[in-house]
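**Q** For reference, the file upload-v4.tsv (TSV, C-alpha atoms) is included below:
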```
chain	number	residue	atom	x	y	z
Y	150	MET	CA	-25.93	-21.78	-17.62
Y	151	LEU	CA	-22.56	-23.15	-18.61
Y	152	SER	CA	-22.55	-25.16	-21.81
Y	153	GLY	CA	-19.42	-27.25	-21.27
Y	154	HIS	CA	-19.53	-30.37	-19.09
Y	155	ILE	CA	-16.38	-31.22	-17.14
Y	156	SER	CA	-15.96	-34.73	-15.83
Y	157	ALA	CA	-14.83	-35.26	-12.25
Y	158	GLY	CA	-12.27	-37.74	-13.59
Y	159	ASP	CA	-9.86	-39.80	-11.57
Y	160	ALA	CA	-8.65	-37.86	-8.51
Y	161	ARG	CA	-5.65	-40.17	-8.11
Y	162	GLY	CA	-3.53	-38.91	-10.99
Y	163	PRO	CA	-3.03	-36.18	-13.63
Y	164	ARG	CA	-5.77	-35.74	-16.20
Y	165	PRO	CA	-5.85	-34.33	-19.72
Y	166	GLU	CA	-6.89	-30.76	-20.34
Y	167	ILE	CA	-10.62	-30.23	-19.82
Y	168	PRO	CA	-12.96	-28.65	-22.39
Y	169	MET	CA	-14.09	-25.08	-21.77
Y	170	ARG	CA	-17.17	-23.09	-22.65
Y	171	GLN	CA	-16.87	-20.71	-25.61
Y	172	GLY	CA	-15.18	-17.38	-24.84
Y	173	ASN	CA	-11.83	-15.94	-23.85
Y	174	GLU	CA	-9.67	-18.82	-22.68
Y	175	ALA	CA	-8.05	-19.13	-19.28
Y	176	ARG	CA	-6.23	-22.13	-17.85
Y	177	LEU	CA	-5.33	-23.20	-14.33
Y	178	ALA	CA	-2.37	-25.59	-14.06
Y	179	LEU	CA	-1.76	-27.49	-10.83
Y	180	ALA	CA	1.53	-28.80	-9.50
Y	181	ASP	CA	0.40	-32.41	-10.07
Y	182	GLY	CA	0.14	-31.77	-13.82
Y	183	THR	CA	-3.65	-31.31	-14.00
Y	184	VAL	CA	-4.84	-28.45	-16.21
Y	185	PHE	CA	-8.34	-26.96	-15.89
Y	186	ARG	CA	-9.70	-24.84	-18.69
Y	187	GLY	CA	-12.29	-22.08	-18.44
Y	188	ARG	CA	-13.34	-18.61	-19.46
Y	189	SER	CA	-11.36	-15.56	-18.39
Y	190	PHE	CA	-12.79	-12.59	-16.52
Y	191	GLY	CA	-11.22	-9.83	-14.47
Y	192	ALA	CA	-7.64	-9.06	-15.53
Y	193	VAL	CA	-5.57	-10.81	-18.19
Y	194	GLY	CA	-2.03	-12.13	-17.93
Y	195	GLU	CA	-0.51	-14.72	-15.62
Y	196	ALA	CA	-0.38	-15.26	-11.86
Y	197	GLY	CA	0.67	-18.07	-9.54
Y	198	GLY	CA	0.07	-19.08	-5.95
Y	199	GLU	CA	-1.12	-21.81	-3.62
Y	200	VAL	CA	-4.57	-23.06	-4.69
Y	201	VAL	CA	-7.14	-23.33	-1.87
Y	202	PHE	CA	-10.92	-23.67	-1.76
Y	203	ASN	CA	-13.40	-21.55	0.22
Y	204	THR	CA	-16.84	-22.85	1.25
Y	205	CYS	CA	-18.56	-19.51	1.94
Y	206	LEU	CA	-21.96	-19.14	0.24
Y	207	SER	CA	-21.67	-15.35	0.20
Y	208	GLY	CA	-19.10	-12.74	1.15
Y	209	TYR	CA	-16.90	-13.16	-1.92
Y	210	GLN	CA	-15.81	-9.50	-1.84
Y	211	GLU	CA	-14.62	-9.82	1.76
Y	212	VAL	CA	-12.71	-12.96	0.74
Y	213	ILE	CA	-11.14	-11.20	-2.25
Y	214	THR	CA	-9.97	-8.24	-0.13
Y	215	ASP	CA	-8.78	-10.28	2.88
Y	216	PRO	CA	-4.96	-9.88	3.04
Y	217	SER	CA	-4.74	-13.38	4.53
Y	218	TYR	CA	-5.17	-14.73	0.96
Y	219	SER	CA	-1.97	-13.09	-0.26
Y	220	GLY	CA	-0.02	-15.61	-2.34
Y	221	GLN	CA	-3.07	-17.81	-2.95
Y	222	ILE	CA	-5.51	-18.64	-5.76
Y	223	VAL	CA	-8.98	-18.97	-4.23
Y	224	VAL	CA	-11.56	-21.45	-5.55
Y	225	MET	CA	-15.15	-20.76	-4.45
Y	226	THR	CA	-17.25	-23.91	-3.95
Y	227	ASN	CA	-20.56	-22.02	-4.19
Y	228	PRO	CA	-21.52	-22.56	-7.87
Y	229	MET	CA	-22.63	-18.99	-8.67
Y	230	ILE	CA	-20.56	-15.96	-7.68
Y	231	GLY	CA	-21.03	-12.26	-8.39
Y	232	ASN	CA	-24.83	-12.12	-8.16
Y	233	TYR	CA	-24.87	-9.11	-5.81
Y	234	GLY	CA	-21.97	-7.17	-7.30
Y	235	THR	CA	-19.40	-5.23	-5.27
Y	236	ASN	CA	-19.29	-2.06	-3.20
Y	237	LEU	CA	-16.69	-0.07	-1.31
Y	238	GLU	CA	-18.35	-0.63	2.07
Y	239	ASP	CA	-17.68	-4.38	2.08
Y	240	GLU	CA	-13.95	-4.16	1.36
Y	241	GLU	CA	-11.63	-5.48	4.04
Y	242	ARG	CA	-8.79	-3.60	2.34
Y	243	SER	CA	-8.91	-1.09	-0.49
Y	244	VAL	CA	-7.07	-3.48	-2.83
Y	245	PRO	CA	-7.10	-7.30	-3.15
Y	246	PHE	CA	-3.95	-9.28	-2.38
Y	247	LEU	CA	-4.92	-12.73	-3.63
Y	248	SER	CA	-3.22	-14.12	-6.75
Y	249	GLY	CA	-6.29	-15.41	-8.58
Y	250	PHE	CA	-9.98	-16.28	-8.31
Y	251	VAL	CA	-11.79	-19.34	-9.70
Y	252	VAL	CA	-15.55	-19.94	-9.88
Y	253	ARG	CA	-18.03	-22.31	-11.53
Y	254	GLU	CA	-20.27	-19.58	-12.94
Y	255	LEU	CA	-19.99	-15.78	-12.92
Y	256	SER	CA	-23.36	-14.07	-12.58
Y	257	ARG	CA	-24.09	-11.70	-15.45
Y	258	GLY	CA	-26.35	-9.54	-13.29
Y	259	ALA	CA	-25.84	-7.82	-9.93
Y	260	SER	CA	-29.10	-7.62	-7.92
Y	261	ASN	CA	-28.30	-5.45	-4.90
Y	262	PHE	CA	-29.17	-1.83	-4.17
Y	263	ARG	CA	-25.73	-1.43	-2.56
Y	264	SER	CA	-23.81	-2.59	-5.66
Y	265	THR	CA	-21.59	-0.01	-7.36
Y	266	SER	CA	-19.72	-2.32	-9.75
Y	267	ASP	CA	-20.00	-5.88	-11.02
Y	268	LEU	CA	-17.38	-8.42	-10.01
Y	269	ASP	CA	-15.78	-8.68	-13.47
Y	270	VAL	CA	-15.11	-4.94	-13.62
Y	271	TYR	CA	-13.96	-4.84	-9.99
Y	272	LEU	CA	-11.34	-7.56	-10.48
Y	273	ALA	CA	-10.15	-6.07	-13.77
Y	274	LYS	CA	-9.71	-2.69	-12.07
Y	275	HIS	CA	-7.51	-4.25	-9.41
Y	276	GLY	CA	-5.53	-6.50	-11.76
Y	277	VAL	CA	-6.81	-9.83	-10.40
Y	278	LEU	CA	-6.94	-12.77	-12.82
Y	279	ALA	CA	-10.12	-14.84	-12.58
Y	280	MET	CA	-11.76	-17.67	-14.47
Y	281	GLU	CA	-15.19	-19.30	-14.68
Y	282	GLY	CA	-16.50	-22.42	-16.39
Y	283	VAL	CA	-14.41	-24.65	-14.12
Y	284	ASP	CA	-15.78	-27.78	-12.49
Y	285	THR	CA	-15.06	-26.49	-9.00
Y	286	ARG	CA	-16.39	-29.72	-7.46
Y	287	ALA	CA	-13.71	-31.74	-9.24
Y	288	LEU	CA	-11.07	-29.13	-8.40
Y	289	THR	CA	-12.08	-29.04	-4.73
Y	290	ARG	CA	-12.10	-32.84	-4.57
Y	291	ARG	CA	-8.58	-32.86	-5.95
Y	292	LEU	CA	-7.37	-30.37	-3.35
Y	293	ARG	CA	-9.04	-32.33	-0.54
Y	294	THR	CA	-7.48	-35.58	-1.77
Y	295	HIS	CA	-3.98	-34.35	-2.54
Y	296	GLY	CA	-3.82	-31.19	-0.43
Y	297	ALA	CA	-3.38	-27.54	-1.32
Y	298	MET	CA	-0.78	-27.18	-4.06
Y	299	LYS	CA	0.72	-24.40	-6.08
Y	300	GLY	CA	-0.96	-23.41	-9.32
Y	301	LEU	CA	-0.73	-20.98	-12.20
Y	302	ILE	CA	-3.56	-19.08	-13.94
Y	303	THR	CA	-2.87	-17.75	-17.43
Y	304	THR	CA	-4.77	-16.17	-20.30
Y	305	GLU	CA	-1.75	-16.48	-22.57
Y	306	ALA	CA	-1.73	-18.93	-25.49
Y	307	VAL	CA	1.16	-21.21	-24.51
Y	308	ASP	CA	1.34	-24.97	-24.98
Y	309	ARG	CA	0.95	-27.40	-22.10
Y	310	ALA	CA	4.67	-28.04	-21.70
Y	311	GLU	CA	5.43	-24.33	-21.46
Y	312	LEU	CA	2.54	-23.80	-19.03
Y	313	LEU	CA	3.83	-26.49	-16.68
Y	314	ALA	CA	7.38	-25.17	-17.02
Y	315	ARG	CA	6.20	-21.71	-15.94
Y	316	LEU	CA	4.40	-23.29	-13.00
Y	317	GLU	CA	7.73	-24.59	-11.74
Y	318	GLY	CA	8.78	-20.99	-11.16
Y	319	VAL	CA	5.87	-20.26	-8.78
Y	320	PRO	CA	7.24	-20.13	-5.20
Y	321	GLU	CA	5.83	-22.37	-2.49
Y	322	LEU	CA	3.82	-20.72	0.27
Y	323	GLU	CA	5.81	-22.38	3.04
Y	324	GLY	CA	8.88	-20.40	4.08
Y	325	ARG	CA	7.64	-17.07	2.64
Y	326	ASP	CA	7.19	-13.89	4.67
Y	327	LEU	CA	4.06	-12.44	3.09
Y	328	VAL	CA	3.28	-10.18	6.05
Y	329	LYS	CA	5.81	-7.59	4.84
Y	330	GLU	CA	3.79	-7.32	1.61
Y	331	VAL	CA	0.42	-6.62	3.28
Y	332	THR	CA	1.10	-4.68	6.49
Y	333	ARG	CA	0.07	-1.03	6.19
Y	334	GLY	CA	3.56	0.11	7.14
Y	335	ARG	CA	2.51	3.18	9.11
Y	336	ARG	CA	0.85	4.20	12.38
Y	337	ILE	CA	-2.93	4.70	12.13
Y	338	GLU	CA	-5.54	5.85	14.62
Y	339	TRP	CA	-8.78	4.06	13.77
Y	340	GLU	CA	-12.07	5.56	15.00
Y	341	GLN	CA	-14.79	3.93	12.87
Y	342	GLY	CA	-17.05	1.26	14.35
Y	343	TYR	CA	-19.74	-0.71	12.55
Y	344	ALA	CA	-22.30	1.13	10.45
Y	345	GLU	CA	-25.49	1.52	12.49
Y	346	ARG	CA	-27.51	-0.95	10.42
Y	347	PHE	CA	-24.83	-3.62	10.84
Y	348	MET	CA	-24.14	-2.98	14.52
Y	349	PRO	CA	-23.94	-6.22	16.53
Y	350	ASP	CA	-24.43	-6.12	20.30
Y	351	MET	CA	-20.89	-5.79	21.61
Y	352	GLY	CA	-21.92	-5.11	25.21
Y	353	SER	CA	-19.80	-1.95	25.37
Y	354	SER	CA	-20.31	0.36	28.34
Y	355	ALA	CA	-19.99	4.07	28.90
Y	356	GLY	CA	-16.84	5.57	30.33
Y	357	SER	CA	-13.26	5.98	29.20
Y	358	ALA	CA	-12.21	3.70	26.35
Y	359	PRO	CA	-9.26	1.38	27.00
Y	360	HIS	CA	-6.48	1.76	24.46
Y	361	CYS	CA	-5.82	-1.23	22.17
Y	362	VAL	CA	-2.75	-1.33	19.94
Y	363	VAL	CA	-3.18	-3.60	16.91
Y	364	LEU	CA	-0.09	-5.15	15.35
Y	365	ASP	CA	-0.98	-5.22	11.66
Y	366	PHE	CA	0.11	-8.50	10.08
Y	367	GLY	CA	-2.52	-8.01	7.36
Y	368	ALA	CA	-5.45	-6.94	9.49
Y	369	LYS	CA	-9.01	-6.81	8.19
Y	370	ARG	CA	-10.88	-3.55	8.73
Y	371	ASN	CA	-13.63	-5.34	10.63
Y	372	ILE	CA	-11.19	-6.23	13.40
Y	373	PHE	CA	-10.71	-2.51	13.94
Y	374	ARG	CA	-14.46	-1.87	13.71
Y	375	SER	CA	-15.15	-4.65	16.20
Y	376	LEU	CA	-12.66	-3.25	18.69
Y	377	VAL	CA	-14.14	0.26	18.40
Y	378	SER	CA	-17.69	-1.10	18.76
Y	379	ALA	CA	-16.54	-3.04	21.83
Y	380	GLY	CA	-15.45	0.22	23.45
Y	381	PHE	CA	-11.75	0.45	22.60
Y	382	ARG	CA	-9.66	3.34	21.36
Y	383	VAL	CA	-7.61	1.79	18.53
Y	384	THR	CA	-4.09	2.48	17.27
Y	385	VAL	CA	-2.64	0.38	14.45
Y	386	LEU	CA	1.10	-0.22	14.16
Y	387	PRO	CA	3.15	-1.92	11.41
Y	388	ALA	CA	4.07	-5.58	11.77
Y	389	SER	CA	7.79	-4.90	12.20
Y	390	VAL	CA	7.63	-2.70	15.31
Y	391	ALA	CA	9.64	-3.70	18.36
Y	392	ALA	CA	8.09	-4.30	21.78
Y	393	GLU	CA	9.52	-0.98	23.03
Y	394	GLU	CA	7.63	0.89	20.32
Y	395	VAL	CA	4.41	-0.88	21.25
Y	396	MET	CA	4.77	-0.09	24.94
Y	397	ALA	CA	5.61	3.53	24.11
Y	398	GLU	CA	1.97	3.86	22.97
Y	399	ASN	CA	0.86	3.08	26.57
Y	400	PRO	CA	-1.54	0.33	25.51
Y	401	ASP	CA	-4.09	-1.23	27.83
Y	402	GLY	CA	-4.21	-4.24	25.50
Y	403	VAL	CA	-2.55	-5.49	22.32
Y	404	MET	CA	-4.25	-7.26	19.40
Y	405	LEU	CA	-2.21	-9.58	17.16
Y	406	SER	CA	-4.05	-9.51	13.85
Y	407	ASN	CA	-4.74	-11.98	11.08
Y	408	GLY	CA	-2.42	-12.19	8.08
Y	409	PRO	CA	-1.02	-14.43	5.34
Y	410	GLY	CA	1.68	-17.00	4.88
Y	411	ASP	CA	3.91	-19.15	7.04
Y	412	PRO	CA	3.99	-17.99	10.69
Y	413	ARG	CA	7.18	-19.92	11.39
Y	414	VAL	CA	9.34	-17.45	9.46
Y	415	LEU	CA	8.02	-14.35	11.26
Y	416	THR	CA	10.86	-14.22	13.78
Y	417	TYR	CA	10.54	-10.46	14.33
Y	418	ALA	CA	6.82	-10.72	15.20
Y	419	ILE	CA	7.38	-13.75	17.42
Y	420	GLU	CA	10.16	-11.97	19.32
Y	421	THR	CA	8.07	-8.82	19.80
Y	422	THR	CA	5.16	-10.91	21.09
Y	423	ARG	CA	7.44	-12.86	23.44
Y	424	GLU	CA	8.66	-9.58	24.94
Y	425	LEU	CA	5.11	-8.29	25.38
Y	426	LEU	CA	3.88	-11.40	27.21
Y	427	GLY	CA	3.01	-10.59	30.80
Y	428	LYS	CA	3.34	-6.83	30.33
Y	429	VAL	CA	-0.06	-6.21	28.73
Y	430	PRO	CA	-3.14	-8.31	27.86
Y	431	LEU	CA	-2.83	-9.92	24.41
Y	432	PHE	CA	-5.48	-11.19	21.99
Y	433	GLY	CA	-4.45	-13.06	18.83
Y	434	ILE	CA	-6.65	-13.77	15.80
Y	435	CYS	CA	-5.72	-16.40	13.19
Y	436	LEU	CA	-2.09	-15.63	12.24
Y	437	GLY	CA	-1.89	-13.68	15.50
Y	438	HIS	CA	-2.92	-16.86	17.31
Y	439	GLN	CA	-0.10	-18.79	15.64
Y	440	ILE	CA	2.44	-16.05	16.43
Y	441	LEU	CA	1.36	-16.02	20.08
Y	442	CYS	CA	1.67	-19.81	20.27
Y	443	ALA	CA	5.11	-19.68	18.65
Y	444	ALA	CA	6.16	-17.06	21.21
Y	445	ILE	CA	5.63	-19.57	24.04
Y	446	GLY	CA	7.42	-22.33	22.11
Y	447	ALA	CA	4.46	-24.29	20.72
Y	448	ARG	CA	4.88	-26.26	17.48
Y	449	ILE	CA	3.21	-25.06	14.26
Y	450	TYR	CA	2.54	-27.35	11.30
Y	451	LYS	CA	1.01	-27.12	7.82
Y	452	LEU	CA	-2.52	-28.47	7.32
Y	453	LYS	CA	-3.31	-30.62	4.29
Y	454	PHE	CA	-5.79	-28.19	2.74
Y	455	GLY	CA	-6.54	-25.77	5.56
Y	456	HIS	CA	-9.81	-24.29	6.78
Y	457	HIS	CA	-11.32	-21.63	4.52
Y	458	GLY	CA	-14.98	-20.75	4.89
Y	459	GLY	CA	-17.77	-19.35	7.04
Y	460	ASN	CA	-19.26	-22.62	8.30
Y	461	GLN	CA	-16.54	-24.05	10.55
Y	462	PRO	CA	-17.83	-25.61	13.82
Y	463	VAL	CA	-15.81	-24.86	16.93
Y	464	LYS	CA	-16.42	-25.93	20.53
Y	465	ASP	CA	-15.61	-23.42	23.27
Y	466	LEU	CA	-14.28	-25.62	26.06
Y	467	THR	CA	-14.77	-22.84	28.63
Y	468	THR	CA	-18.54	-22.70	28.04
Y	469	ASP	CA	-19.17	-26.11	26.43
Y	470	GLU	CA	-21.00	-24.32	23.58
Y	471	VAL	CA	-20.55	-24.85	19.84
Y	472	GLU	CA	-20.15	-21.83	17.57
Y	473	ILE	CA	-20.12	-21.63	13.78
Y	474	THR	CA	-17.09	-19.61	12.79
Y	475	SER	CA	-15.36	-17.96	9.86
Y	476	GLN	CA	-11.88	-19.36	9.24
Y	477	ASN	CA	-9.04	-18.82	6.82
Y	478	HIS	CA	-5.76	-20.52	7.61
Y	479	GLY	CA	-3.45	-23.20	6.30
Y	480	PHE	CA	-1.43	-23.83	9.47
Y	481	ALA	CA	-2.33	-25.13	12.94
Y	482	VAL	CA	-0.72	-25.45	16.36
Y	483	ASP	CA	0.02	-28.75	18.07
Y	484	ALA	CA	-2.15	-29.12	21.18
Y	485	LYS	CA	0.40	-31.08	23.24
Y	486	SER	CA	3.07	-28.44	22.70
Y	487	ILE	CA	0.66	-25.76	23.96
Y	488	THR	CA	0.01	-27.55	27.24
Y	489	GLN	CA	3.70	-28.34	27.64
Y	490	ALA	CA	4.37	-24.60	27.39
Y	491	GLY	CA	1.84	-23.86	30.13
Y	492	GLY	CA	-1.07	-22.88	27.89
Y	493	GLU	CA	-4.67	-24.08	28.04
Y	494	VAL	CA	-6.54	-25.18	24.92
Y	495	THR	CA	-9.86	-23.27	24.99
Y	496	HIS	CA	-11.38	-24.06	21.57
Y	497	VAL	CA	-11.38	-27.17	19.37
Y	498	HIS	CA	-12.38	-27.50	15.71
Y	499	LEU	CA	-15.04	-30.22	15.59
Y	500	ASN	CA	-14.26	-31.36	12.04
Y	501	ASP	CA	-10.69	-32.48	12.70
Y	502	ASN	CA	-10.02	-31.76	16.41
Y	503	THR	CA	-7.33	-29.18	15.66
Y	504	VAL	CA	-6.72	-26.38	18.16
Y	505	SER	CA	-8.98	-23.39	17.54
Y	506	GLY	CA	-8.03	-21.33	20.57
Y	507	PHE	CA	-5.87	-21.19	23.68
Y	508	ALA	CA	-5.24	-19.06	26.75
Y	509	LEU	CA	-2.29	-18.30	28.95
Y	510	PRO	CA	-4.00	-16.79	32.03
Y	511	GLN	CA	-0.82	-16.13	34.00
Y	512	LYS	CA	0.40	-13.95	31.11
Y	513	MET	CA	-3.01	-12.32	30.35
Y	514	ALA	CA	-3.05	-13.82	26.85
Y	515	MET	CA	-5.79	-15.38	24.73
Y	516	SER	CA	-6.14	-16.24	21.05
Y	517	VAL	CA	-8.36	-18.01	18.53
Y	518	GLN	CA	-7.67	-19.74	15.20
Y	519	PHE	CA	-10.73	-18.17	13.57
Y	520	HIS	CA	-12.28	-14.77	12.88
Y	521	PRO	CA	-14.66	-13.56	15.62
Y	522	GLU	CA	-15.26	-10.45	13.50
Y	523	ALA	CA	-16.43	-12.79	10.69
Y	524	CYS	CA	-17.03	-10.77	7.50
Y	525	PRO	CA	-17.89	-12.98	5.77
Y	526	GLY	CA	-19.62	-15.42	8.04
Y	527	PRO	CA	-21.57	-15.73	11.27
Y	528	HIS	CA	-21.30	-13.51	14.35
Y	529	ASP	CA	-21.44	-16.39	16.85
Y	530	SER	CA	-18.02	-15.45	18.27
Y	531	ILE	CA	-18.28	-11.64	18.30
Y	532	HIS	CA	-18.54	-11.87	22.09
Y	533	LEU	CA	-14.79	-12.60	22.23
Y	534	PHE	CA	-14.09	-8.90	21.79
Y	535	LYS	CA	-16.09	-8.29	24.96
Y	536	ARG	CA	-14.15	-11.11	26.67
Y	537	PHE	CA	-10.91	-9.38	25.70
Y	538	ARG	CA	-12.23	-6.01	26.92
Y	539	ASP	CA	-13.17	-7.56	30.25
Y	540	LEU	CA	-9.63	-8.97	30.54
Y	541	VAL	CA	-8.17	-5.53	29.77
Y	542	ILE	CA	-10.41	-3.70	32.23
Y	543	SER	CA	-9.69	-6.26	34.94
Y	544	ARG	CA	-5.98	-5.64	34.41
Y	545	MET	CA	-6.49	-1.85	34.52
Y	546	GLU	CA	-8.41	-2.08	37.79
Y	547	THR	CA	-5.72	-4.15	39.50
Y	548	ALA	CA	-2.66	-2.38	38.07
```
Would you mind giving the structure from this file in structure tokens?
**A**
Amino acid sequence: MLSGHISAGDARGPRPEIPMRQGNEARLALADGTVFRGRSFGAVGEAGGEVVFNTCLSGYQEVITDPSYSGQIVVMTNPMIGNYGTNLEDEERSVPFLSGFVVRELSRGASNFRSTSDLDVYLAKHGVLAMEGVDTRALTRRLRTHGAMKGLITTEAVDRAELLARLEGVPELEGRDLVKEVTRGRRIEWEQGYAERFMPDMGSSAGSAPHCVVLDFGAKRNIFRSLVSAGFRVTVLPASVAAEEVMAENPDGVMLSNGPGDPRVLTYAIETTRELLGKVPLFGICLGHQILCAAIGARIYKLKFGHHGGNQPVKDLTTDEVEITSQNHGFAVDAKSITQAGGEVTHVHLNDNTVSGFALPQKMAMSVQFHPEACPGPHDSIHLFKRFRDLVISRMETA
């Protein structure tokens, strides 16, 4: 157990530096002047980004390798992390893109027959700075009260004034195109579905597989696996392709993937999506949802601290059922602007009534502001891949 106690303090203003447990020092400085101290693990050095918290109880490796966290420092609210190690099979990408990782306590043992490396070694290998011994409850409370803010993790021995001065140089997340940093940048044909022991019931049927082109804005591998398991043939294209290049692949449907950063600056992706509307069925996930909404003229805004976790309740207005979903986003779409543009809100987040999905039936388009492929998280919404396949097949039969 950790030996150092960290007081929750006053969440209304900056606090002094907080004592750390004995070991290699690491510090996290926030934009409001608060400095948290802890013990370093993973890589050493310095890294900055927007600080957000994630409420998943497990699935930390999928979080670490999710490109949607590019430019962010992730704080896990579950108090012990690393207890089942890491393995190649659970990676969403082969390298992490997040800026830093913060936990209350790092497990010193990995109890899992699938584990090939402990978390400390894994993060060090990939150059990710991490720290433990932090009162993540106090840190999370601060982010909930004041909102996500930029931060800086360092293992360097600099004084407080210098640390805060360096923090000033960390860029804000808003206004940054992070998609260009995480897209694969090449055409890929993806054939792998879920491993047999993890295979959910996707309701796929025999016969020829419809062709889905995925625009890779930072796509997770399990989106590809879900599409294959749902009966699609999958081709992945870089984020910057034009609509003509997409249509040259003769797609039966197009997936707009998840990804990081501010959707409002992705003018090239928005324009491509706008040109594809009505020509082919579209399905957007997370950032892809925001891009699709922007393509019809809906308004996108920044959330105070976003939704990051595998326990987010969403109501499907088309079925009147509630699903627990995996989410990771810091922006949302204004509901009124969707309806003004001719769209229909299909899903609502029950915690704050933000839009969690919409459809544009006349243009064969649908999207959700969560991850139906989960990983980590529940599979309540995996059926949406079948819903998309049914839309695609219906279009093929009437074309």
**Q** Hey, what's within 7 Å of Y:Asn371 if we count all atoms listed in the file and toss same-chain stuff fewer than 2 positions away? As a PyMOL selection string, please?
**A** chain Y and resi 241+369+373-375+522
**Q** Taking (-10.1, -16.7, -0.1) in the file's own coordinates, collect the residues within 9 Å, counting all atoms listed in the file, and hand them back as a PyMOL selection string.
**A** chain Y and resi 201-203+209+211-215+217-219+221-225+247+250+457-458+477
**Q** Taking every listed atom of stretch 257-271 of chain Y and adding 5 Å to each side, what centre and edge lengths in Å (one decimal) does the axis-aligned box have, as AutoDock Vina command-line options?
**A**
```
--center_x -21.6 --center_y -5.9 --center_z -9.0 --size_x 25.2 --size_y 21.7 --size_z 22.9
```
**Q** Pick the closest to Y:Leu364 from Y:Thr495, Y:Thr332, Y:Asn232, Y:Thr303: which is it, counting all atoms listed in the file?
**A**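 Under the stated criterion, the closest residue is Y:Thr332.
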**Q** Go through Y:Gly300, Y:Gly459, Y:Gly258, Y:Pro510 and flag the residue nearest Y:Leu206, using all atoms listed in the file for the distances.
**A** Y:Gly459
**Q** Find, counting all atoms listed in the file, the residue in Y:Thr467, Y:Gly402, Y:Thr422, Y:Val331 that gets nearest to Y:Pro387.
**A**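 Comparing Y:Thr467, Y:Gly402, Y:Thr422, Y:Val331 against Y:Pro387, the winner is Y:Val331.
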**Q** Which polymer residues, whether protein, DNA or RNA, lie within 8 Å of the coordinate (-21.8, -23.4, -3.3) when you count all atoms listed in the file? List them as a VMD selection string, using the chain letters and numbers from the file.
**A** chain Y and resid 204 to 206 225 to 229
